[in-house]
file structure08.tsv (TSV, C-alpha atoms)
chain	number	residue	atom	x	y	z
R	1	MET	CA	76.21	-63.57	116.64
R	2	ASN	CA	75.51	-66.91	115.00
R	3	ARG	CA	72.67	-68.55	116.94
R	4	VAL	CA	71.24	-71.82	115.67
R	5	TYR	CA	67.67	-73.08	115.81
R	6	ASN	CA	67.73	-75.35	118.84
R	7	PHE	CA	65.07	-78.08	118.72
R	8	SER	CA	66.23	-79.74	121.94
R	9	ALA	CA	63.55	-81.33	124.12
R	10	GLY	CA	65.21	-79.88	127.19
R	11	PRO	CA	67.11	-78.00	128.32
R	12	SER	CA	65.65	-76.00	125.49
R	13	MET	CA	66.06	-72.61	123.86
R	14	LEU	CA	65.05	-69.46	125.72
R	15	PRO	CA	63.63	-66.25	124.21
R	16	LEU	CA	66.45	-64.10	122.85
R	17	GLU	CA	64.96	-61.04	124.58
R	18	VAL	CA	65.16	-62.87	127.90
R	19	LEU	CA	68.78	-63.89	127.37
R	20	GLU	CA	69.74	-60.35	126.42
R	21	LYS	CA	67.99	-58.92	129.49
R	22	ALA	CA	69.72	-61.47	131.72
R	23	ALA	CA	73.07	-60.66	130.11
R	24	SER	CA	72.61	-56.94	130.77
R	25	GLU	CA	71.93	-57.66	134.45
R	26	LEU	CA	74.38	-60.48	134.94
R	27	VAL	CA	77.15	-58.56	136.69
R	28	CYS	CA	75.00	-56.05	138.53
R	29	TYR	CA	71.26	-56.37	139.16
R	30	GLY	CA	69.60	-52.98	139.51
R	31	GLU	CA	71.20	-50.92	142.26
R	32	SER	CA	72.19	-53.99	144.30
R	33	GLY	CA	75.86	-53.87	143.31
R	34	MET	CA	75.94	-57.63	142.71
R	35	SER	CA	74.71	-60.38	140.43
R	36	VAL	CA	71.52	-62.26	141.26
R	37	MET	CA	73.81	-65.30	141.47
R	38	GLU	CA	75.53	-63.71	144.46
R	39	MET	CA	72.51	-62.50	146.41
R	40	SER	CA	71.34	-63.85	149.71
R	41	HIS	CA	67.93	-65.40	149.20
R	42	ARG	CA	66.89	-63.56	152.37
R	43	SER	CA	67.83	-60.14	151.03
R	44	PRO	CA	65.15	-57.57	150.13
R	45	ASP	CA	66.37	-57.53	146.51
R	46	TYR	CA	65.91	-61.26	146.10
R	47	GLU	CA	62.63	-61.41	147.99
R	48	ALA	CA	61.31	-58.87	145.48
R	49	ILE	CA	62.44	-61.12	142.62
R	50	ILE	CA	60.75	-64.27	143.88
R	51	ASN	CA	57.60	-62.39	144.88
R	52	ASP	CA	57.42	-60.77	141.44
R	53	ALA	CA	57.93	-64.16	139.78
R	54	GLU	CA	54.99	-65.64	141.67
R	55	ALA	CA	52.76	-62.63	141.00
R	56	MET	CA	53.55	-62.74	137.26
R	57	LEU	CA	52.91	-66.47	137.04
R	58	ARG	CA	49.60	-66.10	138.89
R	59	LYS	CA	48.56	-63.42	136.42
R	60	LEU	CA	49.79	-65.39	133.43
R	61	MET	CA	47.99	-68.62	134.35
R	62	ASN	CA	45.07	-66.99	136.20
R	63	ILE	CA	45.86	-69.11	139.25
R	64	PRO	CA	43.04	-68.98	141.83
R	65	ASP	CA	43.79	-67.56	145.27
R	66	ASN	CA	43.24	-70.94	146.96
R	67	TYR	CA	46.27	-72.44	145.22
R	68	LYS	CA	49.85	-72.26	146.45
R	69	VAL	CA	52.74	-71.69	144.04
R	70	LEU	CA	55.96	-73.45	145.00
R	71	PHE	CA	59.39	-72.94	143.43
R	72	LEU	CA	61.31	-76.13	144.21
R	73	GLN	CA	64.32	-78.22	143.21
R	74	GLY	CA	64.86	-81.82	142.20
R	75	GLY	CA	63.17	-81.83	138.80
R	76	ALA	CA	59.73	-83.16	137.97
R	77	SER	CA	61.10	-86.67	138.56
R	78	THR	CA	61.40	-85.93	142.29
R	79	GLN	CA	57.70	-85.15	142.27
R	80	PHE	CA	57.02	-88.74	141.15
R	81	ALA	CA	57.67	-89.63	144.80
R	82	ALA	CA	56.49	-86.36	146.33
R	83	VAL	CA	53.00	-86.60	144.80
R	84	PRO	CA	51.97	-89.86	146.49
R	85	MET	CA	53.79	-89.00	149.71
R	86	ASN	CA	51.84	-85.73	149.94
R	87	LEU	CA	48.44	-87.05	148.87
R	88	ILE	CA	48.04	-90.80	149.41
R	89	LYS	CA	46.85	-90.43	153.02
R	90	ARG	CA	43.58	-88.94	151.76
R	91	THR	CA	42.30	-92.46	151.06
R	92	GLY	CA	45.29	-94.78	150.84
R	93	LYS	CA	45.16	-95.43	147.09
R	94	ALA	CA	45.64	-93.64	143.79
R	95	ASP	CA	44.98	-94.12	140.06
R	96	TYR	CA	47.44	-93.49	137.23
R	97	VAL	CA	47.13	-93.09	133.47
R	98	VAL	CA	50.25	-94.30	131.62
R	99	SER	CA	50.60	-92.53	128.28
R	100	GLY	CA	54.37	-92.52	127.88
R	101	GLN	CA	57.71	-92.92	129.59
R	102	PHE	CA	57.40	-90.28	132.30
R	103	SER	CA	53.88	-91.20	133.41
R	104	GLY	CA	55.14	-94.78	133.53
R	105	LYS	CA	58.03	-93.73	135.74
R	106	ALA	CA	55.66	-91.86	138.04
R	107	PHE	CA	53.49	-94.96	138.33
R	108	LYS	CA	56.47	-97.20	139.07
R	109	GLU	CA	57.77	-94.78	141.71
R	110	ALA	CA	54.47	-94.93	143.57
R	111	GLN	CA	54.54	-98.72	143.32
R	112	LYS	CA	58.10	-98.75	144.61
R	113	LEU	CA	56.96	-96.86	147.70
R	114	GLY	CA	54.50	-99.67	148.40
R	115	TYR	CA	51.27	-97.75	147.80
R	116	ASP	CA	48.01	-99.13	146.44
R	117	VAL	CA	48.20	-97.63	142.97
R	118	LYS	CA	46.38	-98.77	139.84
R	119	CYS	CA	46.95	-98.09	136.16
R	120	ILE	CA	43.45	-97.32	134.92
R	121	ALA	CA	44.39	-96.68	131.29
R	122	THR	CA	47.40	-96.97	128.99
R	123	THR	CA	48.25	-96.89	125.30
R	124	LYS	CA	51.47	-98.87	125.68
R	125	GLU	CA	50.20	-101.61	123.36
R	126	ASP	CA	49.90	-98.97	120.60
R	127	ASN	CA	53.43	-97.66	121.21
R	128	PHE	CA	51.90	-94.59	122.86
R	129	ASP	CA	50.76	-93.14	119.54
R	130	HIS	CA	47.77	-91.44	121.22
R	131	VAL	CA	46.61	-90.53	124.69
R	132	PRO	CA	44.01	-92.72	126.42
R	133	THR	CA	40.39	-91.72	126.79
R	134	VAL	CA	39.77	-91.27	130.51
R	135	THR	CA	36.22	-91.16	131.85
R	136	LYS	CA	34.90	-90.65	135.35
R	137	ASP	CA	33.62	-94.23	135.64
R	138	MET	CA	37.17	-95.58	135.19
R	139	VAL	CA	38.36	-93.87	138.38
R	140	ARG	CA	38.12	-95.70	141.69
R	141	PRO	CA	35.64	-93.73	143.83
R	142	ASP	CA	38.00	-93.88	146.81
R	143	ALA	CA	41.16	-92.85	144.95
R	144	ALA	CA	43.15	-90.07	146.59
R	145	TYR	CA	44.00	-88.61	143.17
R	146	VAL	CA	44.36	-89.41	139.47
R	147	HIS	CA	47.76	-88.77	137.88
R	148	VAL	CA	48.38	-87.93	134.21
R	149	CYS	CA	51.29	-86.60	132.16
R	150	PHE	CA	49.61	-83.90	130.07
R	151	ASN	CA	52.21	-83.73	127.27
R	152	ASN	CA	54.44	-86.67	126.42
R	153	THR	CA	57.78	-85.26	125.31
R	154	ILE	CA	59.26	-88.47	123.94
R	155	TYR	CA	56.27	-89.67	121.92
R	156	GLY	CA	54.88	-86.28	120.88
R	157	THR	CA	51.38	-86.67	122.29
R	158	LYS	CA	49.19	-84.40	124.39
R	159	TYR	CA	45.78	-84.48	126.00
R	160	GLY	CA	43.38	-82.44	123.89
R	161	TYR	CA	40.99	-82.45	126.81
R	162	ILE	CA	41.09	-82.31	130.60
R	163	PRO	CA	40.04	-85.70	131.98
R	164	ASP	CA	36.87	-85.60	134.08
R	165	THR	CA	37.72	-87.26	137.37
R	166	GLY	CA	34.69	-85.99	139.27
R	167	ASP	CA	35.50	-85.13	142.86
R	168	ILE	CA	38.85	-86.93	142.73
R	169	PRO	CA	41.75	-84.43	142.44
R	170	LEU	CA	43.51	-84.52	139.08
R	171	VAL	CA	47.32	-84.30	139.27
R	172	ALA	CA	49.14	-83.36	136.06
R	173	ASP	CA	52.78	-83.38	135.09
R	174	MET	CA	52.91	-80.45	132.62
R	175	SER	CA	56.68	-80.25	132.27
R	176	SER	CA	56.73	-79.94	128.48
R	177	CYS	CA	53.62	-77.84	127.92
R	178	ILE	CA	53.48	-75.48	130.91
R	179	ILE	CA	52.66	-71.85	129.93
R	180	SER	CA	52.30	-72.77	126.25
R	181	GLU	CA	48.56	-71.99	126.23
R	182	PRO	CA	45.80	-71.07	128.70
R	183	VAL	CA	44.72	-73.84	131.07
R	184	ASP	CA	41.94	-73.89	133.65
R	185	VAL	CA	43.99	-74.42	136.81
R	186	SER	CA	40.81	-74.90	138.87
R	187	ARG	CA	40.23	-78.22	137.07
R	188	PHE	CA	43.37	-79.65	138.70
R	189	GLY	CA	44.30	-80.45	142.27
R	190	VAL	CA	48.02	-80.26	141.49
R	191	ILE	CA	50.07	-79.16	138.49
R	192	TYR	CA	53.82	-79.71	138.49
R	193	ALA	CA	56.53	-79.11	135.92
R	194	GLY	CA	60.24	-79.07	135.38
R	195	ALA	CA	61.16	-75.61	134.11
R	196	GLN	CA	63.85	-76.52	131.57
R	197	LYS	CA	61.55	-77.02	128.59
R	198	ASN	CA	59.42	-73.88	128.42
R	199	MET	CA	60.07	-71.72	131.44
R	200	ALA	CA	63.71	-71.37	132.51
R	201	PRO	CA	67.09	-73.11	132.57
R	202	ALA	CA	67.31	-76.48	134.31
R	203	GLY	CA	67.21	-76.47	138.10
R	204	LEU	CA	63.71	-75.23	138.93
R	205	THR	CA	60.57	-77.28	139.53
R	206	LEU	CA	57.16	-75.64	139.74
R	207	VAL	CA	54.33	-77.03	141.86
R	208	ILE	CA	50.86	-75.46	141.91
R	209	VAL	CA	48.75	-77.12	144.61
R	210	ARG	CA	45.25	-76.49	145.95
R	211	GLU	CA	45.41	-75.48	149.59
R	212	ASP	CA	43.03	-78.14	150.88
R	213	LEU	CA	45.44	-80.83	149.65
R	214	LEU	CA	48.29	-79.72	151.89
R	215	ASP	CA	47.27	-81.66	154.99
R	216	TYR	CA	47.82	-85.26	153.88
R	217	ALA	CA	51.59	-85.68	153.91
R	218	GLU	CA	53.13	-88.85	155.27
R	219	GLU	CA	54.42	-88.31	158.80
R	220	LYS	CA	57.84	-89.78	158.07
R	221	MET	CA	58.34	-88.24	154.66
R	222	PRO	CA	61.47	-86.13	154.03
R	223	THR	CA	60.85	-82.50	154.95
R	224	MET	CA	62.23	-81.31	151.61
R	225	LEU	CA	59.45	-83.17	149.77
R	226	GLU	CA	56.60	-81.84	151.92
R	227	TRP	CA	54.57	-79.24	150.03
R	228	LYS	CA	53.02	-77.76	153.18
R	229	THR	CA	56.43	-76.99	154.66
R	230	MET	CA	57.52	-75.32	151.43
R	231	ALA	CA	54.26	-73.36	151.20
R	232	GLU	CA	54.56	-72.13	154.78
R	233	ASN	CA	58.10	-70.95	154.08
R	234	GLY	CA	57.42	-69.21	150.78
R	235	SER	CA	59.51	-71.78	148.85
R	236	MET	CA	62.49	-70.79	150.99
R	237	TYR	CA	62.72	-73.46	153.66
R	238	ASN	CA	66.24	-73.82	152.28
R	239	THR	CA	68.14	-71.89	149.62
R	240	PRO	CA	66.01	-72.08	146.47
R	241	PRO	CA	67.37	-72.18	142.89
R	242	CYS	CA	67.72	-68.40	143.00
R	243	TYR	CA	69.04	-67.60	139.54
R	244	THR	CA	66.71	-70.00	137.77
R	245	ILE	CA	63.71	-68.40	139.49
R	246	TYR	CA	64.99	-65.02	138.31
R	247	MET	CA	65.19	-66.39	134.75
R	248	ALA	CA	61.64	-67.74	135.04
R	249	LYS	CA	60.52	-64.28	136.11
R	250	LEU	CA	62.03	-62.83	132.95
R	251	VAL	CA	60.23	-65.44	130.84
R	252	TYR	CA	56.89	-64.67	132.54
R	253	GLU	CA	57.53	-60.98	131.96
R	254	TRP	CA	58.26	-61.63	128.27
R	255	ILE	CA	55.07	-63.64	127.73
R	256	LEU	CA	52.98	-60.99	129.47
R	257	SER	CA	54.59	-58.33	127.26
R	258	ILE	CA	53.51	-60.08	124.04
R	259	GLY	CA	49.90	-60.58	125.13
R	260	GLY	CA	49.93	-63.46	127.60
R	261	LEU	CA	48.99	-67.08	127.03
R	262	ASP	CA	46.31	-66.32	124.44
R	263	GLU	CA	48.98	-64.88	122.16
R	264	MET	CA	51.41	-67.64	123.10
R	265	LYS	CA	48.87	-70.27	122.08
R	266	LYS	CA	48.25	-68.49	118.78
R	267	ARG	CA	51.96	-68.51	117.97
R	268	ASN	CA	52.41	-72.13	119.02
R	269	GLU	CA	49.41	-73.29	117.01
R	270	ALA	CA	50.78	-71.55	113.91
R	271	LYS	CA	54.18	-73.24	114.26
R	272	ALA	CA	52.68	-76.67	114.87
R	273	ALA	CA	50.23	-76.29	111.97
R	274	LEU	CA	53.07	-75.43	109.58
R	275	LEU	CA	54.99	-78.59	110.46
R	276	TYR	CA	52.03	-80.98	110.70
R	277	ASP	CA	50.51	-79.66	107.46
R	278	TYR	CA	53.73	-80.49	105.66
R	279	LEU	CA	53.94	-83.94	107.27
R	280	ASP	CA	50.34	-84.72	106.30
R	281	ASN	CA	50.79	-83.75	102.67
R	282	GLN	CA	53.87	-85.71	101.61
R	283	ASP	CA	54.88	-89.37	101.62
R	284	TYR	CA	58.56	-89.31	102.58
R	285	TYR	CA	58.26	-88.81	106.33
R	286	ILE	CA	55.91	-90.65	108.68
R	287	ALA	CA	54.20	-88.90	111.60
R	288	PRO	CA	53.29	-91.70	114.04
R	289	VAL	CA	50.99	-89.76	116.38
R	290	LYS	CA	47.26	-89.99	115.73
R	291	GLU	CA	45.36	-86.79	115.05
R	292	GLY	CA	43.60	-85.58	118.16
R	293	SER	CA	46.59	-86.48	120.34
R	294	ARG	CA	49.27	-84.44	118.64
R	295	SER	CA	51.52	-82.24	120.74
R	296	MET	CA	52.09	-78.59	119.85
R	297	MET	CA	55.42	-78.75	121.65
R	298	ASN	CA	57.08	-81.98	120.48
R	299	VAL	CA	56.59	-83.16	116.89
R	300	THR	CA	57.92	-86.64	116.13
R	301	PHE	CA	58.54	-88.14	112.68
R	302	VAL	CA	60.62	-90.84	110.97
R	303	THR	CA	61.67	-91.75	107.44
R	304	GLY	CA	61.20	-95.47	108.07
R	305	ASP	CA	64.91	-96.06	107.50
R	306	ALA	CA	67.19	-95.84	110.56
R	307	ASP	CA	70.23	-94.91	108.45
R	308	LEU	CA	68.33	-92.08	106.76
R	309	ASP	CA	67.10	-90.86	110.14
R	310	LYS	CA	70.68	-90.71	111.38
R	311	LYS	CA	71.79	-88.87	108.26
R	312	PHE	CA	68.91	-86.43	108.59
R	313	ALA	CA	69.84	-85.43	112.14
R	314	SER	CA	73.50	-85.08	111.21
R	315	GLU	CA	72.94	-82.94	108.13
R	316	ALA	CA	70.30	-80.84	109.86
R	317	ALA	CA	72.78	-80.00	112.59
R	318	LYS	CA	75.30	-78.86	109.96
R	319	ALA	CA	72.57	-76.63	108.54
R	320	GLY	CA	72.04	-74.93	111.92
R	321	LEU	CA	69.03	-77.04	112.95
R	322	LYS	CA	70.30	-78.62	116.15
R	323	ASN	CA	69.09	-81.47	118.36
R	324	LEU	CA	66.55	-83.07	116.02
R	325	LYS	CA	67.53	-86.65	116.86
R	326	GLY	CA	64.65	-88.51	118.50
R	327	HIS	CA	64.83	-89.89	122.01
R	328	ARG	CA	67.15	-92.90	122.27
R	329	SER	CA	64.23	-95.15	123.26
R	330	VAL	CA	62.21	-94.49	120.08
R	331	GLY	CA	64.66	-93.21	117.47
R	332	GLY	CA	63.65	-91.11	114.48
R	333	MET	CA	63.40	-87.35	114.78
R	334	ARG	CA	61.78	-84.99	117.21
R	335	ALA	CA	61.31	-81.26	116.75
R	336	SER	CA	60.64	-79.56	120.06
R	337	ILE	CA	59.07	-76.24	119.16
R	338	TYR	CA	58.54	-74.67	122.56
R	339	ASN	CA	57.51	-71.08	123.21
R	340	ALA	CA	60.91	-69.62	122.38
R	341	MET	CA	61.17	-71.27	118.95
R	342	PRO	CA	60.32	-68.62	116.35
R	343	TYR	CA	58.08	-69.33	113.36
R	344	ALA	CA	61.12	-68.80	111.16
R	345	GLY	CA	62.80	-71.77	112.83
R	346	VAL	CA	59.97	-74.10	111.84
R	347	GLU	CA	60.00	-72.66	108.32
R	348	ALA	CA	63.71	-73.43	108.11
R	349	LEU	CA	63.05	-76.98	109.31
R	350	VAL	CA	60.30	-77.61	106.75
R	351	ASN	CA	62.49	-76.25	103.95
R	352	PHE	CA	65.32	-78.53	105.04
R	353	MET	CA	62.95	-81.52	105.19
R	354	LYS	CA	61.86	-80.87	101.60
R	355	LYS	CA	65.46	-80.53	100.41
R	356	PHE	CA	66.57	-83.67	102.26
R	357	ALA	CA	63.72	-85.73	100.77
R	358	GLU	CA	64.64	-84.60	97.26
R	359	GLU	CA	68.33	-85.36	97.70
R	360	ASN	CA	67.92	-88.68	99.53
R	361	PRO	CA	65.40	-90.87	97.73
R	362	LYS	CA	64.39	-94.02	99.56
R	363	LYS	CA	65.53	-97.36	98.21

call {"tool": "encode", "arguments": {"input": "structure08.tsv", "output": "structure tokens"}}
result
Amino acid sequence: MNRVYNFSAGPSMLPLEVLEKAASELVCYGESGMSVMEMSHRSPDYEAIINDAEAMLRKLMNIPDNYKVLFLQGGASTQFAAVPMNLIKRTGKADYVVSGQFSGKAFKEAQKLGYDVKCIATTKEDNFDHVPTVTKDMVRPDAAYVHVCFNNTIYGTKYGYIPDTGDIPLVADMSSCIISEPVDVSRFGVIYAGAQKNMAPAGLTLVIVREDLLDYAEEKMPTMLEWKTMAENGSMYNTPPCYTIYMAKLVYEWILSIGGLDEMKKRNEAKAALLYDYLDNQDYYIAPVKEGSRSMMNVTFVTGDADLDKKFASEAAKAGLKNLKGHRSVGGMRASIYNAMPYAGVEALVNFMKKFAEENPKK
């Protein structure tokens, strides 16, 4: 088996142990006589899978009992519309913090729907090289919620703090940092995330919502976007993404087996420190993100020469370091070092970076 180190921002690599477990159960799950892919979502076997997945996630994230866990479809981008449609009726307006492309898309989606939404902070003028400082006095006192994107995949930034929004519910898109470290769920009204970066293959969207926020949905909103309907039906109002939920369960199981999110954070911090320490102690590559806003999951860097950047990504791929090309909107390189990336993968990347710098002097 010749597996590469996959630095893709998503869909991303999965733990090898999880893939091997899934492979062993692919044709026949337990004593069911069939693959999970073939099961009715109403069968006892599958109900046990989805119930176990929720129980494991609750344990992993220490999710309070007054929060609902929803396994949905449509990607985090669908939640850009679902969030305001489920919450705006609390007061009729909402505040957004724009710290990158996806928070900007969420803001524009709410505007598109005709709601009274306000951007209370942004770092766009600084090319999103850090996250904004958000304080309670910036939030409109009658806002229904405040929306942030906790980790910015494209720009490689992350909130090193949880914004204090007072009594106003904080809504966070955590697509690219979910289950990478412990987080105090009780500080948020809603957490949502696409699963394809850190949790499972593409196709699953997670929503964790406080129960008291389930009664504000727009009357004419599509039923499939209404959190309360999904909560009342155990995420099975329609056929859910069955196999992807099963894969998420295996990932939760794996993280619990290694020591939970405390251990996961320790491993992720070690990987990020290795790469950032190298970047900070050489003069060939440039790390654009300011200290204090650096992501543990997505590390961005450039050489300052577009042709060299292109050559770097190409030669890295030949060396078994795949998908290091930066997002098309910003260029450069991006190493996504999610939970499943082993320390050895980051070591291999740093060694390649050193070799490339030696062999490709700048003009």

call {"tool": "closest_residue", "arguments": {"input": "structure08.tsv", "among": "R:Asp129, R:Asp309, R:Asp137, R:Glu17", "to": "Tyr155 of chain R", "atoms": "only C-alpha atoms"}}
result
R:Asp129

call {"tool": "residues_around", "arguments": {"input": "structure08.tsv", "residues": "segment 62-71 of chain R", "least_positions_apart": "4", "cutoff": "10 Å", "atoms": "only C-alpha atoms", "output": "count of residues only"}}
result
43

call {"tool": "closest_atom_pairs", "arguments": {"input": "structure08.tsv", "of": "segment 267-347 of chain R", "to": "segment 160-163 of chain R", "cutoff": "9 Å", "atoms": "all atoms listed in the file", "output": "JSON lines"}}
result
{"residue": "R:Gly292", "atom": "CA", "partner": "R:Gly160", "partner_atom": "CA", "distance": 6.5}
{"residue": "R:Ser293", "atom": "CA", "partner": "R:Gly160", "partner_atom": "CA", "distance": 6.3}
{"residue": "R:Arg294", "atom": "CA", "partner": "R:Gly160", "partner_atom": "CA", "distance": 8.1}
{"residue": "R:Ser295", "atom": "CA", "partner": "R:Gly160", "partner_atom": "CA", "distance": 8.7}

call {"tool": "closest_residue", "arguments": {"input": "structure08.tsv", "among": "R:Ala23, R:Val251, R:Met85, R:Val117", "to": "Asp52 of chain R", "atoms": "all atoms listed in the file"}}
result
R:Val251

call {"tool": "closest_residue", "arguments": {"input": "structure08.tsv", "among": "R:Glu218, R:Glu359, R:Asp164, R:Asp142", "to": "Glu315 of chain R", "atoms": "all atoms listed in the file"}}
result
R:Glu359

call {"tool": "axis_aligned_box", "arguments": {"input": "structure08.tsv", "around": "segment 269-281 of chain R", "padding_each_side": "6 Å", "output": "JSON"}}
result
{"center_x": 52.2, "center_y": -78.1, "center_z": 109.8, "size_x": 17.6, "size_y": 25.2, "size_z": 26.3}

call {"tool": "residues_around", "arguments": {"input": "structure08.tsv", "residues": "Ser8 of chain R", "least_positions_apart": "3", "cutoff": "12 Å", "atoms": "all atoms listed in the file", "output": "PyMOL selection string"}}
result
chain R and resi 4-5+11-14+153-154+176+196-198+297-299+313+317+321-327+333-338+340-341

call {"tool": "write_last_selection", "arguments": {"input": "structure08.tsv", "atoms": "C-alpha atoms", "output": "compact mmCIF listing (two decimals), in the coordinates of the input"}}
result
# COMPACT_ATOMS: atom_id res chain seq x y z
CA VAL R 4 71.24 -71.82 115.67
CA TYR R 5 67.67 -73.08 115.81
CA PRO R 11 67.11 -78.00 128.32
CA SER R 12 65.65 -76.00 125.49
CA MET R 13 66.06 -72.61 123.86
CA LEU R 14 65.05 -69.46 125.72
CA THR R 153 57.78 -85.26 125.31
CA ILE R 154 59.26 -88.47 123.94
CA SER R 176 56.73 -79.94 128.48
CA GLN R 196 63.85 -76.52 131.57
CA LYS R 197 61.55 -77.02 128.59
CA ASN R 198 59.42 -73.88 128.42
CA MET R 297 55.42 -78.75 121.65
CA ASN R 298 57.08 -81.98 120.48
CA VAL R 299 56.59 -83.16 116.89
CA ALA R 313 69.84 -85.43 112.14
CA ALA R 317 72.78 -80.00 112.59
CA LEU R 321 69.03 -77.04 112.95
CA LYS R 322 70.30 -78.62 116.15
CA ASN R 323 69.09 -81.47 118.36
CA LEU R 324 66.55 -83.07 116.02
CA LYS R 325 67.53 -86.65 116.86
CA GLY R 326 64.65 -88.51 118.50
CA HIS R 327 64.83 -89.89 122.01
CA MET R 333 63.40 -87.35 114.78
CA ARG R 334 61.78 -84.99 117.21
CA ALA R 335 61.31 -81.26 116.75
CA SER R 336 60.64 -79.56 120.06
CA ILE R 337 59.07 -76.24 119.16
CA TYR R 338 58.54 -74.67 122.56
CA ALA R 340 60.91 -69.62 122.38
CA MET R 341 61.17 -71.27 118.95

call {"tool": "decode", "arguments": {"input": "structure08.tsv", "residues": "segment 202-223 of chain R", "atoms": "C-alpha atoms", "output": "short mmCIF file (atom, residue, chain, number, x, y, z; two decimals), in the first residue's frame"}}
result
data_model
loop_
_atom_site.label_atom_id
_atom_site.label_comp_id
_atom_site.auth_asym_id
_atom_site.auth_seq_id
_atom_site.Cartn_x
_atom_site.Cartn_y
_atom_site.Cartn_z
CA ALA R 202 -18.30 14.78 2.24
CA GLY R 203 -22.07 14.63 2.50
CA LEU R 204 -22.77 15.24 6.19
CA THR R 205 -23.45 18.53 7.95
CA LEU R 206 -23.49 18.77 11.73
CA VAL R 207 -25.65 21.27 13.61
CA ILE R 208 -25.55 21.61 17.40
CA VAL R 209 -28.31 23.96 18.56
CA ARG R 210 -29.55 25.07 21.97
CA GLU R 211 -33.11 23.94 22.49
CA ASP R 212 -34.53 27.37 23.33
CA LEU R 213 -33.51 28.58 19.85
CA LEU R 214 -35.73 26.10 18.01
CA ASP R 215 -38.93 28.15 18.10
CA TYR R 216 -38.06 31.06 15.80
CA ALA R 217 -38.18 29.57 12.32
CA GLU R 218 -39.76 31.51 9.48
CA GLU R 219 -43.28 30.24 8.79
CA LYS R 220 -42.70 29.88 5.06
CA MET R 221 -39.20 28.45 5.22
CA PRO R 222 -38.49 25.10 3.50
CA THR R 223 -39.17 22.21 5.86
#
